[in-house]
file upload-v8.cif (mmCIF, C-alpha atoms, pLDDT in the B column; chains and numbers go by the auth columns)
data_start
#
loop_
_atom_site.group_PDB
_atom_site.id
_atom_site.type_symbol
_atom_site.label_atom_id
_atom_site.label_comp_id
_atom_site.label_asym_id
_atom_site.label_seq_id
_atom_site.Cartn_x
_atom_site.Cartn_y
_atom_site.Cartn_z
_atom_site.B_iso_or_equiv
_atom_site.auth_seq_id
_atom_site.auth_asym_id
ATOM 1 C CA MET A 1 103.913 122.980 145.194 41.00 1026 A
ATOM 2 C CA LYS A 2 101.357 124.729 142.986 45.00 1027 A
ATOM 3 C CA LEU A 3 103.926 127.345 141.964 43.00 1028 A
ATOM 4 C CA PHE A 4 106.429 124.603 141.082 36.00 1029 A
ATOM 5 C CA THR A 5 103.819 122.852 138.920 37.00 1030 A
ATOM 6 C CA LEU A 6 102.968 126.070 137.105 38.00 1031 A
ATOM 7 C CA LEU A 7 106.634 126.834 136.479 37.00 1032 A
ATOM 8 C CA THR A 8 107.196 123.292 135.197 36.00 1033 A
ATOM 9 C CA LEU A 9 104.278 123.561 132.780 36.00 1034 A
ATOM 10 C CA ALA A 10 105.478 126.954 131.591 40.00 1035 A
ATOM 11 C CA ALA A 11 108.979 125.611 130.969 39.00 1036 A
ATOM 12 C CA ALA A 12 107.566 122.657 129.024 42.00 1037 A
ATOM 13 C CA ALA A 13 105.473 124.982 126.858 43.00 1038 A
ATOM 14 C CA GLU A 14 108.504 127.166 126.151 48.00 1039 A
ATOM 15 C CA ALA A 15 110.456 124.113 124.990 74.00 1040 A
ATOM 16 C CA HIS A 16 107.738 123.294 122.460 90.00 1041 A
ATOM 17 C CA TYR A 17 106.412 125.375 119.584 97.00 1042 A
ATOM 18 C CA ARG A 18 103.623 126.019 117.138 97.00 1043 A
ATOM 19 C CA PHE A 19 103.441 127.168 113.526 98.00 1044 A
ATOM 20 C CA SER A 20 100.944 130.027 113.510 98.00 1045 A
ATOM 21 C CA LYS A 21 102.135 132.586 110.940 98.00 1046 A
ATOM 22 C CA LEU A 22 103.268 132.604 107.327 98.00 1047 A
ATOM 23 C CA VAL A 23 105.934 134.504 105.442 98.00 1048 A
ATOM 24 C CA VAL A 24 104.745 135.396 101.937 98.00 1049 A
ATOM 25 C CA GLY A 25 106.837 137.464 99.563 96.00 1050 A
ATOM 26 C CA GLY A 26 109.303 138.040 102.371 96.00 1051 A
ATOM 27 C CA VAL A 27 106.635 139.597 104.604 97.00 1052 A
ATOM 28 C CA GLN A 28 105.592 137.936 107.853 98.00 1053 A
ATOM 29 C CA GLU A 29 101.950 137.988 108.889 98.00 1054 A
ATOM 30 C CA THR A 30 101.385 140.302 111.838 97.00 1055 A
ATOM 31 C CA ALA A 31 98.809 138.182 113.674 97.00 1056 A
ATOM 32 C CA GLU A 32 98.686 134.485 114.456 97.00 1057 A
ATOM 33 C CA TRP A 33 96.127 132.261 112.707 98.00 1058 A
ATOM 34 C CA THR A 34 95.528 134.739 109.885 98.00 1059 A
ATOM 35 C CA SER A 35 95.755 132.139 107.127 98.00 1060 A
ATOM 36 C CA ILE A 36 96.707 129.080 109.199 98.00 1061 A
ATOM 37 C CA ARG A 37 94.002 127.012 110.852 98.00 1062 A
ATOM 38 C CA MET A 38 94.340 127.455 114.619 98.00 1063 A
ATOM 39 C CA THR A 39 95.858 124.323 116.124 98.00 1064 A
ATOM 40 C CA LYS A 40 94.956 122.553 119.351 97.00 1065 A
ATOM 41 C CA ASN A 41 98.333 123.473 120.830 96.00 1066 A
ATOM 42 C CA TYR A 42 97.707 127.213 120.554 94.00 1067 A
ATOM 43 C CA GLN A 43 98.240 127.474 124.331 92.00 1068 A
ATOM 44 C CA SER A 44 100.302 124.420 125.282 93.00 1069 A
ATOM 45 C CA ASN A 45 102.586 124.233 122.217 93.00 1070 A
ATOM 46 C CA GLY A 46 102.450 120.444 122.652 94.00 1071 A
ATOM 47 C CA GLY A 47 102.868 118.027 119.750 96.00 1072 A
ATOM 48 C CA VAL A 48 100.896 115.103 118.353 97.00 1073 A
ATOM 49 C CA THR A 49 102.294 111.763 119.538 96.00 1074 A
ATOM 50 C CA SER A 50 99.943 109.249 117.892 97.00 1075 A
ATOM 51 C CA VAL A 51 100.385 108.794 114.153 98.00 1076 A
ATOM 52 C CA SER A 52 96.961 107.106 114.049 98.00 1077 A
ATOM 53 C CA SER A 53 95.169 110.229 115.299 98.00 1078 A
ATOM 54 C CA PRO A 54 93.109 112.422 112.945 98.00 1079 A
ATOM 55 C CA ASP A 55 95.105 115.297 114.464 98.00 1080 A
ATOM 56 C CA MET A 56 97.877 114.221 112.067 98.00 1081 A
ATOM 57 C CA ARG A 57 95.979 116.046 109.319 98.00 1082 A
ATOM 58 C CA CYS A 58 95.977 119.633 110.564 98.00 1083 A
ATOM 59 C CA TYR A 59 95.810 119.393 114.375 98.00 1084 A
ATOM 60 C CA GLN A 60 93.145 122.060 114.106 97.00 1085 A
ATOM 61 C CA ALA A 61 91.052 123.480 116.921 97.00 1086 A
ATOM 62 C CA ARG A 62 88.673 125.381 114.655 96.00 1087 A
ATOM 63 C CA ALA A 63 87.905 126.109 111.012 96.00 1088 A
ATOM 64 C CA GLY A 64 90.071 128.455 109.012 97.00 1089 A
ATOM 65 C CA THR A 65 89.302 132.146 108.672 96.00 1090 A
ATOM 66 C CA GLY A 66 91.453 133.358 105.774 97.00 1091 A
ATOM 67 C CA SER A 67 93.916 132.461 103.051 98.00 1092 A
ATOM 68 C CA VAL A 68 96.912 133.827 101.148 98.00 1093 A
ATOM 69 C CA THR A 69 97.779 133.865 97.457 98.00 1094 A
ATOM 70 C CA VAL A 70 101.100 132.368 96.377 98.00 1095 A
ATOM 71 C CA ALA A 71 102.357 131.886 92.820 98.00 1096 A
ATOM 72 C CA ALA A 72 103.544 128.443 91.771 98.00 1097 A
ATOM 73 C CA GLY A 73 107.335 128.369 92.009 98.00 1098 A
ATOM 74 C CA ASP A 74 107.429 130.898 94.862 98.00 1099 A
ATOM 75 C CA GLU A 75 108.621 130.338 98.404 98.00 1100 A
ATOM 76 C CA LEU A 76 106.332 130.001 101.412 98.00 1101 A
ATOM 77 C CA GLY A 77 107.619 130.287 104.967 98.00 1102 A
ATOM 78 C CA PHE A 78 106.166 129.009 108.235 98.00 1103 A
ATOM 79 C CA VAL A 79 107.047 130.882 111.432 98.00 1104 A
ATOM 80 C CA ALA A 80 107.770 128.755 114.497 97.00 1105 A
ATOM 81 C CA ASN A 81 106.781 130.345 117.794 94.00 1106 A
ATOM 82 C CA ALA A 82 109.333 130.741 119.249 88.00 1107 A
ATOM 83 C CA ALA A 83 111.643 128.477 117.195 97.00 1108 A
ATOM 84 C CA VAL A 84 112.020 124.838 116.108 98.00 1109 A
ATOM 85 C CA THR A 85 113.498 123.868 119.460 97.00 1110 A
ATOM 86 C CA HIS A 86 113.701 120.092 118.906 97.00 1111 A
ATOM 87 C CA PHE A 87 115.870 118.300 116.368 97.00 1112 A
ATOM 88 C CA GLY A 88 114.409 116.198 113.573 98.00 1113 A
ATOM 89 C CA PRO A 89 113.148 116.597 110.012 98.00 1114 A
ATOM 90 C CA VAL A 90 110.697 119.262 108.868 98.00 1115 A
ATOM 91 C CA GLN A 91 108.443 118.231 105.987 98.00 1116 A
ATOM 92 C CA PHE A 92 105.822 119.915 103.823 99.00 1117 A
ATOM 93 C CA TYR A 93 102.704 118.504 102.176 99.00 1118 A
ATOM 94 C CA MET A 94 99.911 119.899 100.009 99.00 1119 A
ATOM 95 C CA ALA A 95 96.303 118.802 99.495 98.00 1120 A
ATOM 96 C CA ARG A 96 94.053 120.186 96.744 98.00 1121 A
ATOM 97 C CA VAL A 97 90.762 121.605 98.014 98.00 1122 A
ATOM 98 C CA PRO A 98 87.949 120.475 95.693 98.00 1123 A
ATOM 99 C CA ASP A 99 86.533 123.275 93.555 96.00 1124 A
ATOM 100 C CA ASN A 100 83.104 122.922 95.151 96.00 1125 A
ATOM 101 C CA ALA A 101 84.429 122.924 98.722 98.00 1126 A
ATOM 102 C CA ASP A 102 84.954 125.745 101.228 98.00 1127 A
ATOM 103 C CA ILE A 103 88.671 126.151 101.940 98.00 1128 A
ATOM 104 C CA ASN A 104 87.870 127.163 105.541 98.00 1129 A
ATOM 105 C CA THR A 105 86.013 123.979 106.427 98.00 1130 A
ATOM 106 C CA TRP A 106 87.187 121.268 104.017 98.00 1131 A
ATOM 107 C CA GLU A 107 88.395 118.150 105.830 98.00 1132 A
ATOM 108 C CA PRO A 108 91.493 116.651 104.140 98.00 1133 A
ATOM 109 C CA ALA A 109 90.660 112.986 104.772 98.00 1134 A
ATOM 110 C CA GLY A 110 91.758 110.137 102.525 98.00 1135 A
ATOM 111 C CA ASN A 111 94.552 109.959 99.975 98.00 1136 A
ATOM 112 C CA VAL A 112 94.778 113.680 99.209 98.00 1137 A
ATOM 113 C CA TRP A 113 98.258 114.671 100.464 98.00 1138 A
ATOM 114 C CA PHE A 114 101.485 114.854 98.460 98.00 1139 A
ATOM 115 C CA LYS A 115 104.899 115.807 99.797 98.00 1140 A
ATOM 116 C CA ILE A 116 106.574 118.916 98.356 98.00 1141 A
ATOM 117 C CA GLY A 117 109.591 119.291 100.610 98.00 1142 A
ATOM 118 C CA SER A 118 111.713 117.678 103.295 98.00 1143 A
ATOM 119 C CA ILE A 119 114.428 119.367 105.375 98.00 1144 A
ATOM 120 C CA THR A 120 116.026 116.218 106.660 98.00 1145 A
ATOM 121 C CA ALA A 121 119.279 114.909 108.119 98.00 1146 A
ATOM 122 C CA VAL A 122 122.678 115.791 106.700 97.00 1147 A
ATOM 123 C CA PRO A 123 125.424 113.272 107.567 95.00 1148 A
ATOM 124 C CA PRO A 124 127.378 112.664 109.679 95.00 1149 A
ATOM 125 C CA LEU A 125 124.446 112.079 112.002 97.00 1150 A
ATOM 126 C CA GLY A 126 124.063 113.614 115.423 96.00 1151 A
ATOM 127 C CA SER A 127 121.573 115.666 117.395 96.00 1152 A
ATOM 128 C CA SER A 128 122.896 119.134 116.543 96.00 1153 A
ATOM 129 C CA GLU A 129 122.184 121.819 113.968 97.00 1154 A
ATOM 130 C CA ALA A 130 125.001 120.398 111.833 97.00 1155 A
ATOM 131 C CA THR A 131 122.831 117.349 111.130 98.00 1156 A
ATOM 132 C CA TRP A 132 119.400 118.980 111.261 98.00 1157 A
ATOM 133 C CA PRO A 133 119.256 122.225 109.193 98.00 1158 A
ATOM 134 C CA ALA A 134 115.840 123.257 110.551 98.00 1159 A
ATOM 135 C CA TYR A 135 116.856 122.894 114.214 98.00 1160 A
ATOM 136 C CA ASN A 136 116.497 126.212 116.112 97.00 1161 A
ATOM 137 C CA LYS A 137 115.251 128.030 113.030 98.00 1162 A
ATOM 138 C CA LYS A 138 112.520 130.634 113.538 98.00 1163 A
ATOM 139 C CA VAL A 139 111.233 130.246 109.963 98.00 1164 A
ATOM 140 C CA VAL A 140 111.205 127.126 107.771 98.00 1165 A
ATOM 141 C CA ASN A 141 110.638 127.498 104.051 98.00 1166 A
ATOM 142 C CA THR A 142 109.308 125.434 101.188 98.00 1167 A
ATOM 143 C CA THR A 143 108.671 126.126 97.509 98.00 1168 A
ATOM 144 C CA ILE A 144 105.314 125.652 95.832 98.00 1169 A
ATOM 145 C CA PRO A 145 106.092 123.371 92.862 98.00 1170 A
ATOM 146 C CA LYS A 146 106.010 125.166 89.505 98.00 1171 A
ATOM 147 C CA ASN A 147 103.809 122.579 87.803 98.00 1172 A
ATOM 148 C CA VAL A 148 101.203 122.188 90.529 98.00 1173 A
ATOM 149 C CA PRO A 149 97.766 123.081 89.089 98.00 1174 A
ATOM 150 C CA SER A 150 96.298 126.414 90.151 98.00 1175 A
ATOM 151 C CA GLY A 151 93.601 126.325 92.814 98.00 1176 A
ATOM 152 C CA ASN A 152 92.993 126.240 96.543 98.00 1177 A
ATOM 153 C CA TYR A 153 95.232 124.081 98.713 98.00 1178 A
ATOM 154 C CA LEU A 154 96.073 123.234 102.283 98.00 1179 A
ATOM 155 C CA VAL A 155 99.834 123.405 102.824 98.00 1180 A
ATOM 156 C CA ARG A 156 100.869 121.342 105.822 98.00 1181 A
ATOM 157 C CA VAL A 157 104.096 121.882 107.756 98.00 1182 A
ATOM 158 C CA GLU A 158 105.310 119.061 109.986 98.00 1183 A
ATOM 159 C CA SER A 159 108.244 119.118 112.384 98.00 1184 A
ATOM 160 C CA ILE A 160 109.072 115.643 113.712 98.00 1185 A
ATOM 161 C CA ALA A 161 110.832 116.022 117.056 98.00 1186 A
ATOM 162 C CA LEU A 162 113.092 113.051 117.793 98.00 1187 A
ATOM 163 C CA HIS A 163 114.583 114.061 121.146 96.00 1188 A
ATOM 164 C CA GLN A 164 112.416 111.524 123.046 95.00 1189 A
ATOM 165 C CA ALA A 165 112.016 108.997 120.237 96.00 1190 A
ATOM 166 C CA GLN A 166 114.089 106.201 121.731 96.00 1191 A
ATOM 167 C CA SER A 167 110.982 104.006 121.860 95.00 1192 A
ATOM 168 C CA VAL A 168 107.820 103.629 119.806 95.00 1193 A
ATOM 169 C CA GLY A 169 105.478 106.570 120.310 95.00 1194 A
ATOM 170 C CA GLY A 170 108.210 108.901 121.523 97.00 1195 A
ATOM 171 C CA ALA A 171 108.324 111.134 118.449 98.00 1196 A
ATOM 172 C CA GLN A 172 106.373 114.387 118.651 97.00 1197 A
ATOM 173 C CA MET A 173 104.801 115.992 115.581 98.00 1198 A
ATOM 174 C CA TYR A 174 104.370 119.766 115.520 98.00 1199 A
ATOM 175 C CA LEU A 175 102.184 120.674 112.572 98.00 1200 A
ATOM 176 C CA SER A 176 99.639 123.034 111.109 98.00 1201 A
ATOM 177 C CA CYS A 177 97.867 123.732 107.826 98.00 1202 A
ATOM 178 C CA ALA A 178 97.934 126.972 105.864 98.00 1203 A
ATOM 179 C CA GLN A 179 95.153 127.900 103.462 98.00 1204 A
ATOM 180 C CA VAL A 180 96.714 128.922 100.155 98.00 1205 A
ATOM 181 C CA LYS A 181 95.406 129.952 96.749 98.00 1206 A
ATOM 182 C CA VAL A 182 97.984 128.933 94.149 98.00 1207 A
ATOM 183 C CA THR A 183 98.138 131.010 90.968 98.00 1208 A
ATOM 184 C CA GLY A 184 100.141 130.621 87.762 98.00 1209 A
ATOM 185 C CA GLY A 185 100.300 126.857 88.133 98.00 1210 A
ATOM 186 C CA GLY A 186 100.948 124.152 85.582 98.00 1211 A
ATOM 187 C CA ASN A 187 99.405 120.865 84.497 97.00 1212 A
ATOM 188 C CA GLY A 188 101.399 118.470 86.655 98.00 1213 A
ATOM 189 C CA THR A 189 99.938 115.430 88.385 98.00 1214 A
ATOM 190 C CA PRO A 190 101.110 115.510 92.005 98.00 1215 A
ATOM 191 C CA GLY A 191 101.807 112.252 93.783 98.00 1216 A
ATOM 192 C CA PRO A 192 102.090 109.795 95.282 98.00 1217 A
ATOM 193 C CA LEU A 193 99.004 110.691 97.317 98.00 1218 A
ATOM 194 C CA VAL A 194 98.813 109.582 100.949 98.00 1219 A
ATOM 195 C CA ALA A 195 96.416 109.934 103.871 98.00 1220 A
ATOM 196 C CA PHE A 196 96.813 111.281 107.400 98.00 1221 A
ATOM 197 C CA PRO A 197 96.498 109.223 109.463 98.00 1222 A
ATOM 198 C CA GLY A 198 97.885 106.352 107.422 98.00 1223 A
ATOM 199 C CA ALA A 199 101.053 107.667 105.803 98.00 1224 A
ATOM 200 C CA TYR A 200 103.190 106.813 108.837 98.00 1225 A
ATOM 201 C CA SER A 201 103.439 103.763 111.057 97.00 1226 A
ATOM 202 C CA ALA A 202 104.315 103.975 114.742 96.00 1227 A
ATOM 203 C CA ASN A 203 107.199 101.585 114.013 96.00 1228 A
ATOM 204 C CA ASP A 204 108.535 103.643 111.109 97.00 1229 A
ATOM 205 C CA PRO A 205 112.338 103.926 111.477 97.00 1230 A
ATOM 206 C CA GLY A 206 112.044 107.630 110.622 98.00 1231 A
ATOM 207 C CA LEU A 207 110.117 108.126 113.869 98.00 1232 A
ATOM 208 C CA MET A 208 112.869 106.625 116.013 97.00 1233 A
ATOM 209 C CA TRP A 209 116.221 107.942 117.209 96.00 1234 A
ATOM 210 C CA SER A 210 119.130 106.457 119.153 95.00 1235 A
ATOM 211 C CA TYR A 211 121.630 108.558 121.070 95.00 1236 A
ATOM 212 C CA TYR A 212 123.843 105.509 121.506 92.00 1237 A
ATOM 213 C CA PRO A 213 124.796 104.006 119.233 94.00 1238 A
ATOM 214 C CA ILE A 214 124.228 106.959 116.894 93.00 1239 A
ATOM 215 C CA PRO A 215 122.578 105.820 113.638 93.00 1240 A
ATOM 216 C CA THR A 216 124.671 105.710 110.480 94.00 1241 A
ATOM 217 C CA SER A 217 121.730 106.613 108.241 96.00 1242 A
ATOM 218 C CA TYR A 218 118.342 108.265 108.518 97.00 1243 A
ATOM 219 C CA LYS A 219 115.312 108.421 106.190 97.00 1244 A
ATOM 220 C CA ALA A 220 112.385 110.691 107.006 98.00 1245 A
ATOM 221 C CA PRO A 221 108.995 108.981 106.951 98.00 1246 A
ATOM 222 C CA GLY A 222 106.425 109.334 104.203 98.00 1247 A
ATOM 223 C CA PRO A 223 106.411 109.264 100.409 98.00 1248 A
ATOM 224 C CA ALA A 224 108.945 110.705 97.990 98.00 1249 A
ATOM 225 C CA VAL A 225 108.916 114.456 97.375 98.00 1250 A
ATOM 226 C CA TRP A 226 106.956 115.561 94.303 98.00 1251 A
ATOM 227 C CA THR A 227 109.111 118.262 92.797 91.00 1252 A
ATOM 228 C CA GLY A 228 106.716 119.247 90.034 88.00 1253 A
#
call {"tool": "encode", "arguments": {"input": "upload-v8.cif", "output": "structure tokens"}}
result
Amino acid sequence: MKLFTLLTLAAAAEAHYRFSKLVVGGVQETAEWTSIRMTKNYQSNGGVTSVSSPDMRCYQARAGTGSVTVAAGDELGFVANAAVTHFGPVQFYMARVPDNADINTWEPAGNVWFKIGSITAVPPLGSSEATWPAYNKKVVNTTIPKNVPSGNYLVRVESIALHQAQSVGGAQMYLSCAQVKVTGGGNGTPGPLVAFPGAYSANDPGLMWSYYPIPTSYKAPGPAVWTG
């Protein structure tokens, strides 16, 4: 019985994932948690299921230890270990670290987050890779907006798994926060700014999925993307 339980837990962990490395300039980090704050699912690979939890910010288990430098307008990739194995949208947010704050310990509470990217559903809708471009990808990418002001930021990746989202609370959020120094930025004013928790409601249609009947439309939760 104990062996069966262990095998079941191992299989569940394999079905889930974590974002623990970055790809910068086409080069993948060699070690996990180099410039991403270690998340609470570093062993279980489990997701966040309550949108009212403070874990919706960065899901972090400890403070950060390092950061990377990325130029505004360049691409930033997040590596999924082992892959994005559940269908649903993948979204990206940024939060500016105050100039007088430590990027390793700053807590991104309040209306500080703005959305910079959303890899969402492509019709006709279904539960396959044809609908969900990020599904089964090992790396998901976003672009740092060209006009975002230079400075220190947290860049948050969020994969919303919809495979068990037939009822309220069934969606699973797999997320983490990278610590990034943006250079060569502009003078844009990012927005709208939202808070985590707070940006999503448990009853948000974007956190629900029906296998039958299959929806005819889908809108990912959260604010509009700021393209800069």
call {"tool": "closest_residue", "arguments": {"input": "upload-v8.cif", "among": "A:Gly1071, A:Val1095, A:Thr1241, A:Val1076", "to": "A:Ala1227", "atoms": "only C-alpha atoms"}}
result
A:Val1076
call {"tool": "residues_around", "arguments": {"input": "upload-v8.cif", "residues": "A:Ile1239", "least_positions_apart": "4", "cutoff": "8 Å", "atoms": "only C-alpha atoms", "output": "JSON, numbers by chain"}}
result
{"A": [1150, 1151, 1235]}
call {"tool": "residues_around", "arguments": {"input": "upload-v8.cif", "residues": "stretch 1167-1170 of chain A", "least_positions_apart": "5", "cutoff": "6 Å", "atoms": "all atoms listed in the file", "output": "number ranges by chain"}}
result
A: 1097-1101, 1252-1253
call {"tool": "closest_residue", "arguments": {"input": "upload-v8.cif", "among": "A:Leu1179, A:Ala1146, A:Val1164, A:Ala1134", "to": "A:Val1122", "atoms": "all atoms listed in the file"}}
result
A:Leu1179
call {"tool": "closest_residue", "arguments": {"input": "upload-v8.cif", "among": "A:Gly1216, A:Gly1194, A:Pro1230, A:Pro1246", "to": "A:Gly1072", "atoms": "only C-alpha atoms"}}
result
A:Gly1194
call {"tool": "residues_near_point", "arguments": {"input": "upload-v8.cif", "point": "(112.8, 129.5, 110.2)", "cutoff": "10 Å", "atoms": "all atoms listed in the file", "output": "list of chain:residue names"}}
result
A:Val1048, A:Gly1102, A:Phe1103, A:Val1104, A:Ala1105, A:Asn1106, A:Ala1107, A:Ala1108, A:Val1109, A:Pro1158, A:Ala1159, A:Tyr1160, A:Asn1161, A:Lys1162, A:Lys1163, A:Val1164, A:Val1165, A:Asn1166
call {"tool": "atom_distance", "arguments": {"input": "upload-v8.cif", "atom1": "atom CA of A:Tyr1067", "atom2": "atom CA of A:Leu1200"}}
result
11.2 Å
call {"tool": "resolve_selection", "arguments": {"input": "upload-v8.cif", "expression": "the PyMOL selection byres ((chain A and resi 1182-1187) around 7)", "output": "ChimeraX atom specification"}}
result
/A:1111-1118,1180-1181,1188-1190,1196-1202,1232-1234
call {"tool": "atom_distance", "arguments": {"input": "upload-v8.cif", "atom1": "atom CA of A:Ser1143", "atom2": "atom CA of A:Trp1131"}}
result
24.8 Å
call {"tool": "closest_residue", "arguments": {"input": "upload-v8.cif", "among": "A:Ala1086, A:Val1219, A:Leu1047, A:Ala1120", "to": "A:Gln1068", "atoms": "all atoms listed in the file"}}
result
A:Ala1086
call {"tool": "resolve_selection", "arguments": {"input": "upload-v8.cif", "expression": "the PyMOL selection byres ((chain A and resi 1212-1214) around 6)", "output": "short mmCIF file (atom, residue, chain, number, x, y, z; two decimals) with C-alpha atoms, keeping the file's coordinate frame"}}
result
data_model
loop_
_atom_site.label_atom_id
_atom_site.label_comp_id
_atom_site.auth_asym_id
_atom_site.auth_seq_id
_atom_site.Cartn_x
_atom_site.Cartn_y
_atom_site.Cartn_z
CA ASN A 1172 103.81 122.58 87.80
CA VAL A 1173 101.20 122.19 90.53
CA PRO A 1174 97.77 123.08 89.09
CA GLY A 1211 100.95 124.15 85.58
CA PRO A 1215 101.11 115.51 92.00
#
call {"tool": "closest_residue", "arguments": {"input": "upload-v8.cif", "among": "A:Pro1123, A:Gly1142, A:Gly1195, A:Gly1210", "to": "A:Ala1245", "atoms": "all atoms listed in the file"}}
result
A:Gly1142
call {"tool": "atom_distance", "arguments": {"input": "upload-v8.cif", "atom1": "atom CA of A:Gly1176", "atom2": "atom CA of A:Gly1091"}}
result
14.9 Å
call {"tool": "closest_residue", "arguments": {"input": "upload-v8.cif", "among": "A:Asn1228, A:Trp1058, A:Pro1217, A:Gly1089", "to": "A:Ser1192", "atoms": "all atoms listed in the file"}}
result
A:Asn1228
call {"tool": "residues_near_point", "arguments": {"input": "upload-v8.cif", "point": "(99.1, 114.9, 111.9)", "cutoff": "8 Å", "atoms": "only C-alpha atoms", "output": "MDAnalysis selection string"}}
result
chainID A and resid 1073 1076 1078:1084 1183 1198 1200 1221:1222
call {"tool": "axis_aligned_box", "arguments": {"input": "upload-v8.cif", "around": "stretch 1199-1216 of chain A", "padding_each_side": "3 Å", "output": "JSON"}}
result
{"center_x": 99.8, "center_y": 121.6, "center_z": 100.0, "size_x": 15.2, "size_y": 24.8, "size_z": 37.0}
call {"tool": "resolve_selection", "arguments": {"input": "upload-v8.cif", "expression": "the PyMOL selection byres ((chain A and resi 1042) around 6)", "output": "PyMOL selection string"}}
result
chain A and resi 1041+1043+1070+1106
call {"tool": "residues_around", "arguments": {"input": "upload-v8.cif", "residues": "A:Val1147", "least_positions_apart": "3", "cutoff": "10 Å", "atoms": "only C-alpha atoms", "output": "VMD selection string"}}
result
chain A and resid 1144 1150 to 1151 1154 to 1158 1242 to 1243
call {"tool": "decode", "arguments": {"input": "upload-v8.cif", "residues": "stretch 1217-1222 of chain A", "atoms": "all heavy atoms", "output": "PDB file, in the first residue's frame"}}
result
ATOM      1  N   PRO A1217      -3.154  48.724 -17.240  1.00  0.00           N
ATOM      2  CA  PRO A1217      -3.583  49.024 -15.881  1.00  0.00           C
ATOM      3  C   PRO A1217      -2.844  48.172 -14.852  1.00  0.00           C
ATOM      4  O   PRO A1217      -2.395  47.072 -15.157  1.00  0.00           O
ATOM      5  CB  PRO A1217      -5.072  48.685 -15.909  1.00  0.00           C
ATOM      6  CG  PRO A1217      -5.211  47.657 -17.001  1.00  0.00           C
ATOM      7  CD  PRO A1217      -4.199  48.041 -18.034  1.00  0.00           C
ATOM      8  N   LEU A1218      -2.711  48.714 -13.641  1.00  0.00           N
ATOM      9  CA  LEU A1218      -2.034  48.016 -12.556  1.00  0.00           C
ATOM     10  C   LEU A1218      -3.045  47.242 -11.725  1.00  0.00           C
ATOM     11  O   LEU A1218      -4.118  47.749 -11.392  1.00  0.00           O
ATOM     12  CB  LEU A1218      -1.282  49.009 -11.666  1.00  0.00           C
ATOM     13  CG  LEU A1218      -0.188  49.842 -12.343  1.00  0.00           C
ATOM     14  CD1 LEU A1218       0.445  50.811 -11.342  1.00  0.00           C
ATOM     15  CD2 LEU A1218       0.886  48.942 -12.960  1.00  0.00           C
ATOM     16  N   VAL A1219      -2.703  45.998 -11.394  1.00  0.00           N
ATOM     17  CA  VAL A1219      -3.582  45.142 -10.605  1.00  0.00           C
ATOM     18  C   VAL A1219      -2.793  44.521  -9.461  1.00  0.00           C
ATOM     19  O   VAL A1219      -1.562  44.589  -9.423  1.00  0.00           O
ATOM     20  CB  VAL A1219      -4.216  44.029 -11.475  1.00  0.00           C
ATOM     21  CG1 VAL A1219      -5.083  44.619 -12.565  1.00  0.00           C
ATOM     22  CG2 VAL A1219      -3.136  43.127 -12.064  1.00  0.00           C
ATOM     23  N   ALA A1220      -3.517  43.899  -8.546  1.00  0.00           N
ATOM     24  CA  ALA A1220      -2.913  43.256  -7.380  1.00  0.00           C
ATOM     25  C   ALA A1220      -3.147  41.751  -7.441  1.00  0.00           C
ATOM     26  O   ALA A1220      -4.137  41.269  -7.994  1.00  0.00           O
ATOM     27  CB  ALA A1220      -3.503  43.821  -6.088  1.00  0.00           C
ATOM     28  N   PHE A1221      -2.196  41.015  -6.852  1.00  0.00           N
ATOM     29  CA  PHE A1221      -2.366  39.580  -6.594  1.00  0.00           C
ATOM     30  C   PHE A1221      -2.171  39.347  -5.106  1.00  0.00           C
ATOM     31  O   PHE A1221      -1.122  39.694  -4.574  1.00  0.00           O
ATOM     32  CB  PHE A1221      -1.363  38.744  -7.394  1.00  0.00           C
ATOM     33  CG  PHE A1221      -1.658  38.672  -8.858  1.00  0.00           C
ATOM     34  CD1 PHE A1221      -0.880  39.363  -9.764  1.00  0.00           C
ATOM     35  CD2 PHE A1221      -2.723  37.926  -9.333  1.00  0.00           C
ATOM     36  CE1 PHE A1221      -1.148  39.308 -11.124  1.00  0.00           C
ATOM     37  CE2 PHE A1221      -3.003  37.855 -10.688  1.00  0.00           C
ATOM     38  CZ  PHE A1221      -2.215  38.549 -11.583  1.00  0.00           C
ATOM     39  N   PRO A1222      -3.180  38.771  -4.436  1.00  0.00           N
ATOM     40  CA  PRO A1222      -4.500  38.421  -4.952  1.00  0.00           C
ATOM     41  C   PRO A1222      -5.350  39.664  -5.220  1.00  0.00           C
ATOM     42  O   PRO A1222      -5.043  40.740  -4.707  1.00  0.00           O
ATOM     43  CB  PRO A1222      -5.094  37.560  -3.838  1.00  0.00           C
ATOM     44  CG  PRO A1222      -4.413  38.064  -2.595  1.00  0.00           C
ATOM     45  CD  PRO A1222      -3.018  38.429  -3.004  1.00  0.00           C
TER      46      PRO A1222
END
